[in-house]
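Enquirer: Provided herewith: my_file-v9.pdb, PDB, C-alpha atoms.
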```pdb
ATOM      1  CA  SER A 161      -4.014  26.553 -13.367
ATOM      2  CA  ALA A 162      -3.862  25.985  -9.625
ATOM      3  CA  VAL A 163      -1.183  25.168  -7.086
ATOM      4  CA  ILE A 164      -2.311  22.612  -4.576
ATOM      5  CA  SER A 165      -0.437  21.550  -1.473
ATOM      6  CA  GLN A 166      -1.153  18.714   0.897
ATOM      7  CA  LYS A 167      -0.002  18.076   4.421
ATOM      8  CA  PRO A 168       1.451  15.792   5.523
ATOM      9  CA  SER A 169       3.239  14.431   2.482
ATOM     10  CA  ARG A 170       3.513  11.076   4.200
ATOM     11  CA  ASP A 171       2.881   9.495   7.565
ATOM     12  CA  ILE A 172       3.126   6.179   9.334
ATOM     13  CA  CYS A 173       0.313   5.591  11.790
ATOM     14  CA  GLN A 174      -0.765   2.890  14.165
ATOM     15  CA  ARG A 175      -4.019   1.048  13.661
ATOM     16  CA  GLY A 176      -6.941   2.470  15.562
ATOM     17  CA  THR A 177      -5.735   6.046  15.320
ATOM     18  CA  SER A 178      -6.921   8.838  13.029
ATOM     19  CA  LEU A 179      -5.083  11.130  10.638
ATOM     20  CA  THR A 180      -6.265  14.421   9.197
ATOM     21  CA  ILE A 181      -4.948  15.400   5.777
ATOM     22  CA  GLN A 182      -4.999  19.021   4.718
ATOM     23  CA  CYS A 183      -5.457  20.358   1.204
ATOM     24  CA  GLN A 184      -4.688  24.002   0.406
ATOM     25  CA  VAL A 185      -5.341  25.699  -2.936
ATOM     26  CA  ASP A 186      -3.868  28.996  -4.081
ATOM     27  CA  SER A 187      -7.178  30.235  -5.497
ATOM     28  CA  GLN A 188     -10.827  30.062  -4.579
ATOM     29  CA  VAL A 189     -12.601  27.018  -5.940
ATOM     30  CA  THR A 190     -16.112  25.732  -5.556
ATOM     31  CA  MET A 191     -15.559  22.029  -6.003
ATOM     32  CA  MET A 192     -12.876  19.934  -4.374
ATOM     33  CA  PHE A 193     -12.508  16.195  -4.568
ATOM     34  CA  TRP A 194     -10.785  13.553  -2.480
ATOM     35  CA  TYR A 195      -9.359  10.380  -4.017
ATOM     36  CA  ARG A 196      -7.658   7.270  -2.744
ATOM     37  CA  GLN A 197      -5.000   5.393  -4.693
ATOM     38  CA  GLN A 198      -4.019   2.052  -3.266
ATOM     39  CA  PRO A 199      -0.573   0.664  -4.118
ATOM     40  CA  GLY A 200      -0.292  -0.120  -7.814
ATOM     41  CA  GLN A 201      -3.922   0.748  -8.431
ATOM     42  CA  SER A 202      -5.913   3.469 -10.121
ATOM     43  CA  LEU A 203      -7.609   6.349  -8.356
ATOM     44  CA  THR A 204     -10.935   5.927  -6.588
ATOM     45  CA  LEU A 205     -13.106   8.920  -5.798
ATOM     46  CA  ILE A 206     -13.961   9.127  -2.103
ATOM     47  CA  ALA A 207     -16.127  12.234  -1.997
ATOM     48  CA  THR A 208     -16.909  15.629  -3.446
ATOM     49  CA  ALA A 209     -16.550  18.562  -1.083
ATOM     50  CA  ASN A 210     -18.347  21.801  -1.856
ATOM     51  CA  GLN A 211     -17.995  24.802   0.375
ATOM     52  CA  GLY A 212     -21.114  25.445   2.414
ATOM     53  CA  SER A 213     -22.627  22.007   2.078
ATOM     54  CA  GLU A 214     -22.091  18.480   3.303
ATOM     55  CA  ALA A 215     -19.672  16.353   1.345
ATOM     56  CA  THR A 216     -21.118  13.834  -1.084
ATOM     57  CA  TYR A 217     -19.637  10.360  -0.634
ATOM     58  CA  GLU A 218     -19.233   7.671  -3.258
ATOM     59  CA  SER A 219     -20.431   4.134  -2.792
ATOM     60  CA  GLY A 220     -18.275   2.296  -0.306
ATOM     61  CA  PHE A 221     -17.184   5.396   1.582
ATOM     62  CA  VAL A 222     -18.965   6.765   4.645
ATOM     63  CA  ILE A 223     -18.734   9.971   6.619
ATOM     64  CA  ASP A 224     -17.930   8.226   9.897
ATOM     65  CA  LYS A 225     -14.806   6.714   8.389
ATOM     66  CA  PHE A 226     -13.771   9.657   6.170
ATOM     67  CA  PRO A 227     -15.143  12.896   7.633
ATOM     68  CA  ILE A 228     -14.457  15.909   5.424
ATOM     69  CA  SER A 229     -14.431  19.575   6.263
ATOM     70  CA  ARG A 230     -14.614  22.473   3.803
ATOM     71  CA  PRO A 231     -14.479  25.651   5.881
ATOM     72  CA  ASN A 232     -13.711  28.014   2.975
ATOM     73  CA  LEU A 233     -13.055  28.160  -0.755
ATOM     74  CA  THR A 234      -9.318  27.411  -0.523
ATOM     75  CA  PHE A 235      -9.073  24.664   2.073
ATOM     76  CA  SER A 236     -10.362  21.208   2.908
ATOM     77  CA  THR A 237      -9.472  18.362   5.229
ATOM     78  CA  LEU A 238     -10.003  14.632   5.001
ATOM     79  CA  THR A 239      -9.775  12.527   8.148
ATOM     80  CA  VAL A 240      -9.087   8.818   7.980
ATOM     81  CA  SER A 241     -10.603   7.467  11.188
ATOM     82  CA  ASN A 242      -9.951   4.331  13.178
ATOM     83  CA  MET A 243      -7.306   3.273  10.701
ATOM     84  CA  SER A 244      -6.457  -0.274   9.712
ATOM     85  CA  PRO A 245      -3.673  -1.549   7.441
ATOM     86  CA  GLU A 246      -6.220  -1.644   4.582
ATOM     87  CA  ASP A 247      -6.293   2.159   4.711
ATOM     88  CA  SER A 248      -2.663   2.313   3.605
ATOM     89  CA  SER A 249      -2.898   4.331   0.411
ATOM     90  CA  ILE A 250      -2.081   7.600  -1.234
ATOM     91  CA  TYR A 251      -4.791  10.184  -0.621
ATOM     92  CA  LEU A 252      -5.107  12.994  -3.165
ATOM     93  CA  CYS A 253      -7.215  16.092  -3.359
ATOM     94  CA  SER A 254      -8.146  17.819  -6.587
ATOM     95  CA  VAL A 255      -9.971  20.928  -7.678
ATOM     96  CA  ASP A 256     -12.000  21.913 -10.676
ATOM     97  CA  LEU A 257     -11.371  25.426 -11.943
ATOM     98  CA  SER A 258     -13.292  25.461 -15.183
ATOM     99  CA  GLY A 259     -16.620  24.210 -13.924
ATOM    100  CA  SER A 260     -16.586  21.570 -16.627
ATOM    101  CA  ASN A 261     -14.970  18.987 -14.355
ATOM    102  CA  TYR A 262     -12.828  17.451 -17.059
ATOM    103  CA  GLU A 263      -9.719  19.474 -16.280
ATOM    104  CA  GLN A 264      -8.958  18.963 -12.644
ATOM    105  CA  TYR A 265      -5.773  19.835 -10.832
ATOM    106  CA  PHE A 266      -4.397  17.386  -8.321
ATOM    107  CA  GLY A 267      -2.311  17.790  -5.230
ATOM    108  CA  PRO A 268       0.888  15.776  -4.758
ATOM    109  CA  GLY A 269      -0.828  13.279  -2.488
ATOM    110  CA  THR A 270      -0.372  12.050   1.067
ATOM    111  CA  ARG A 271       1.203   8.634   1.415
ATOM    112  CA  LEU A 272      -0.293   6.881   4.425
ATOM    113  CA  THR A 273       1.052   3.679   5.922
ATOM    114  CA  VAL A 274      -0.873   2.015   8.718
ATOM    115  CA  THR A 275       0.957  -0.508  10.865
TER     116      THR A 275
ATOM    117  CA  LEU B 144     -20.571   6.653 -17.041
ATOM    118  CA  ALA B 145     -19.062   4.730 -19.924
ATOM    119  CA  LYS B 146     -16.569   1.992 -19.091
ATOM    120  CA  THR B 147     -13.134   2.290 -20.661
ATOM    121  CA  THR B 148     -10.645  -0.390 -21.646
ATOM    122  CA  GLN B 149      -6.958   0.288 -22.203
ATOM    123  CA  PRO B 150      -3.857  -1.871 -22.507
ATOM    124  CA  ILE B 151      -2.336  -2.415 -19.093
ATOM    125  CA  SER B 152       1.182  -1.644 -20.248
ATOM    126  CA  MET B 153       3.204  -0.564 -23.280
ATOM    127  CA  ASP B 154       6.904  -0.307 -24.018
ATOM    128  CA  SER B 155       8.554   2.149 -26.340
ATOM    129  CA  TYR B 156      11.939   3.641 -27.165
ATOM    130  CA  GLU B 157      13.058   7.209 -27.108
ATOM    131  CA  GLY B 158      12.171   9.142 -30.248
ATOM    132  CA  GLN B 159       9.296   6.891 -31.260
ATOM    133  CA  GLU B 160       5.680   7.891 -31.607
ATOM    134  CA  VAL B 161       3.437   6.152 -29.101
ATOM    135  CA  ASN B 162      -0.245   5.521 -29.661
ATOM    136  CA  ILE B 163      -2.428   4.388 -26.771
ATOM    137  CA  THR B 164      -5.918   3.281 -27.701
ATOM    138  CA  CYS B 165      -8.889   3.345 -25.363
ATOM    139  CA  SER B 166     -12.149   1.518 -26.044
ATOM    140  CA  HIS B 167     -15.418   3.012 -24.818
ATOM    141  CA  ASN B 168     -18.176   1.172 -26.620
ATOM    142  CA  ASN B 169     -20.974   2.569 -24.459
ATOM    143  CA  ILE B 170     -20.059   6.222 -24.844
ATOM    144  CA  ALA B 171     -23.092   8.511 -24.671
ATOM    145  CA  THR B 172     -23.910  11.446 -26.900
ATOM    146  CA  ASN B 173     -22.965  14.016 -24.261
ATOM    147  CA  ASP B 174     -19.761  12.288 -23.154
ATOM    148  CA  TYR B 175     -16.340  13.825 -23.623
ATOM    149  CA  ILE B 176     -13.058  11.917 -23.722
ATOM    150  CA  THR B 177     -10.246  13.056 -21.469
ATOM    151  CA  TRP B 178      -6.720  11.793 -20.892
ATOM    152  CA  TYR B 179      -4.607  12.215 -17.793
ATOM    153  CA  GLN B 180      -0.935  11.458 -17.144
ATOM    154  CA  GLN B 181       0.459  10.374 -13.781
ATOM    155  CA  PHE B 182       4.134  10.242 -12.909
ATOM    156  CA  PRO B 183       5.285   8.197  -9.924
ATOM    157  CA  SER B 184       4.679   9.941  -6.606
ATOM    158  CA  GLN B 185       2.623  12.701  -8.224
ATOM    159  CA  GLY B 186      -1.048  13.429  -8.763
ATOM    160  CA  PRO B 187      -2.520  12.988 -12.248
ATOM    161  CA  ARG B 188      -2.144  15.794 -14.742
ATOM    162  CA  PHE B 189      -4.648  16.727 -17.442
ATOM    163  CA  ILE B 190      -3.251  16.139 -20.952
ATOM    164  CA  ILE B 191      -6.003  16.574 -23.500
ATOM    165  CA  GLN B 192      -9.746  16.430 -24.002
ATOM    166  CA  GLY B 193     -11.944  16.022 -27.045
ATOM    167  CA  TYR B 194     -15.383  15.192 -28.341
ATOM    168  CA  LYS B 195     -14.817  14.098 -31.948
ATOM    169  CA  THR B 196     -12.273  14.064 -34.801
ATOM    170  CA  LYS B 197      -8.831  15.302 -33.843
ATOM    171  CA  VAL B 198      -7.520  17.528 -31.109
ATOM    172  CA  THR B 199      -3.903  18.610 -30.807
ATOM    173  CA  ASN B 200      -2.015  20.571 -28.192
ATOM    174  CA  GLU B 201       1.615  21.063 -27.263
ATOM    175  CA  VAL B 202       1.774  17.722 -25.484
ATOM    176  CA  ALA B 203      -0.263  15.230 -27.497
ATOM    177  CA  SER B 204      -2.884  14.556 -30.121
ATOM    178  CA  LEU B 205      -6.197  12.839 -29.602
ATOM    179  CA  PHE B 206      -7.874  10.982 -32.447
ATOM    180  CA  ILE B 207     -11.551  10.106 -32.174
ATOM    181  CA  PRO B 208     -13.270   8.205 -34.997
ATOM    182  CA  ALA B 209     -16.750   9.067 -36.176
ATOM    183  CA  ASP B 210     -18.467   6.388 -34.078
ATOM    184  CA  ARG B 211     -16.577   7.618 -30.961
ATOM    185  CA  LYS B 212     -16.377   4.078 -29.588
ATOM    186  CA  SER B 213     -12.636   4.396 -29.187
ATOM    187  CA  SER B 214      -9.981   7.058 -29.003
ATOM    188  CA  THR B 215      -6.225   7.144 -29.489
ATOM    189  CA  LEU B 216      -3.778   9.257 -27.564
ATOM    190  CA  SER B 217      -0.703   9.970 -29.657
ATOM    191  CA  LEU B 218       2.568  11.070 -28.070
ATOM    192  CA  PRO B 219       5.107  12.237 -30.665
ATOM    193  CA  ARG B 220       8.775  11.408 -30.219
ATOM    194  CA  VAL B 221       8.636  10.201 -26.636
ATOM    195  CA  SER B 222      11.486  10.663 -24.220
ATOM    196  CA  LEU B 223      12.401   8.903 -20.988
ATOM    197  CA  SER B 224      10.440  11.541 -19.097
ATOM    198  CA  ASP B 225       7.214  10.372 -20.739
ATOM    199  CA  THR B 226       7.354   7.188 -18.677
ATOM    200  CA  ALA B 227       4.095   7.373 -16.734
ATOM    201  CA  VAL B 228       0.617   5.933 -16.381
ATOM    202  CA  TYR B 229      -1.925   7.288 -18.855
ATOM    203  CA  TYR B 230      -5.620   7.269 -18.009
ATOM    204  CA  CYS B 231      -8.528   7.518 -20.432
ATOM    205  CA  LEU B 232     -11.743   8.888 -18.949
ATOM    206  CA  VAL B 233     -15.164   9.239 -20.489
ATOM    207  CA  GLY B 234     -18.084  11.127 -19.042
ATOM    208  CA  VAL B 235     -20.409  14.066 -19.078
ATOM    209  CA  TYR B 236     -18.430  16.964 -17.760
ATOM    210  CA  ASN B 237     -20.479  19.747 -16.393
ATOM    211  CA  GLN B 238     -21.064  21.383 -13.051
ATOM    212  CA  GLY B 239     -21.468  18.603 -10.545
ATOM    213  CA  GLY B 240     -19.772  15.914 -12.595
ATOM    214  CA  LYS B 241     -16.897  13.778 -11.418
ATOM    215  CA  LEU B 242     -13.895  11.924 -12.800
ATOM    216  CA  ILE B 243     -13.936   8.143 -12.794
ATOM    217  CA  PHE B 244     -10.514   6.663 -13.436
ATOM    218  CA  GLY B 245     -10.052   3.314 -15.138
ATOM    219  CA  GLN B 246      -7.028   1.069 -14.827
ATOM    220  CA  GLY B 247      -4.719   3.167 -16.984
ATOM    221  CA  THR B 248      -1.837   2.231 -19.289
ATOM    222  CA  GLU B 249       1.652   2.088 -17.837
ATOM    223  CA  LEU B 250       4.005   3.385 -20.528
ATOM    224  CA  SER B 251       7.676   2.571 -20.187
ATOM    225  CA  VAL B 252      10.089   4.464 -22.449
ATOM    226  CA  LYS B 253      13.507   2.923 -22.828
ATOM    227  CA  PRO B 254      16.725   4.497 -24.101
TER     228      PRO B 254
END
```
Represent the supplied structure as structure tokens.
Expert:
Amino acid sequence: SAVISQKPSRDICQRGTSLTIQCQVDSQVTMMFWYRQQPGQSLTLIATANQGSEATYESGFVIDKFPISRPNLTFSTLTVSNMSPEDSSIYLCSVDLSGSNYEQYFGPGTRLTVT
Amino acid sequence: LAKTTQPISMDSYEGQEVNITCSHNNIATNDYITWYQQFPSQGPRFIIQGYKTKVTNEVASLFIPADRKSSTLSLPRVSLSDTAVYYCLVGVYNQGGKLIFGQGTELSVKP
């Protein structure tokens, strides 16, 4: 298993600003993922972040809006840029330990409110 | 990736067995079926995964018929703490794959 922490746990931000969310894992992992969960909705994959390569973004998500860093095998950041109220969501990171991708471990999430 | 269909919500009482069925008519030969559980204010948690027939662990059982077009997650003797959203996912899980979450089933367990 893995222990995943995220910072901040929640934040309230003004529109037009940016917020960087940190994800820390207690073991080295190759693949990390970032998800968004809007209020009352399911999870939507934003991007896959592998160490040593550019993140791969899903349809509807672009690097300019959600830049991701993956400086090492235990850490990643997701930035939500030029925020609008529509970006109010819970942002979660996850990791795959087995390499099979079906058993992922998720962080507790960052609850973002944009006013 | 195969599309999944689950009931939006279910109600149950403590001590009952709960069965949540997921339809995945377009499942491919190499697809596995995985279930996740999400409590409020937490990230999802892996429950169980299977390919065919029956899989059982300490938390749940997963029943998959021969045609694999559906699957049933069975939770024995639920308690209030089993109140959560349960997600059924179907896909090819190998290096480079990804999880695609459907709408999930919100299970409410009442005393």
Enquirer: For the atom pair CA of Ser244 (chain A) and CA of Phe226 (chain A), what is the interatomic distance in Å to one decimal place?
Expert: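 One can read the CA of Ser244 (chain A) to CA of Phe226 (chain A) distance as 12.8 Å.
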Enquirer: Which residue is closest to Gly200 (chain A)? Choose from B:Pro219, B:Pro150, B:Pro208, B:Pro183 and count all atoms listed in the file.
Expert: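 Among the listed residues, B:Pro183 lies closest to Gly200 (chain A).
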Enquirer: Name the residues captured by the PyMOL selection byres ((chain B) within 12 of (chain A)) when it is applied to the shown file; answer as an NGL selection string.
Expert: :B and (151 or 174-194 or 228-249)
Enquirer: Evaluating the PyMOL selection byres ((chain A and resi 275) around 7) on the displayed file yields which residues, as a list in words?
Expert: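 Checked against the file, the PyMOL selection byres ((chain A and resi 275) around 7) matches Cys173, Gln174, Arg175, Pro245, Thr273 and Val274 of chain A.
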Enquirer: Considering all atoms listed in the file, can you say which of A:Thr239, A:Ser213, A:Ser165, A:Ser229 comes closest to Ile181 (chain A)?
Expert: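 Of A:Thr239, A:Ser213, A:Ser165, A:Ser229, the one nearest Ile181 (chain A), counting all atoms listed in the file, is A:Thr239.
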Enquirer: Find, counting all atoms listed in the file, the residue in B:Lys195, B:Leu205, B:Thr148, B:Glu160 that gets nearest to Thr172 (chain B).
Expert: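 Closest to Thr172 (chain B) of all the choices is B:Lys195.
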Enquirer: Would you write out, as a PyMOL selection string, every residue that the PyMOL selection byres ((chain B and resi 252) around 7) captures in this file?
Expert: chain B and resi 154-157+222-223+225-226+250-251+253-254
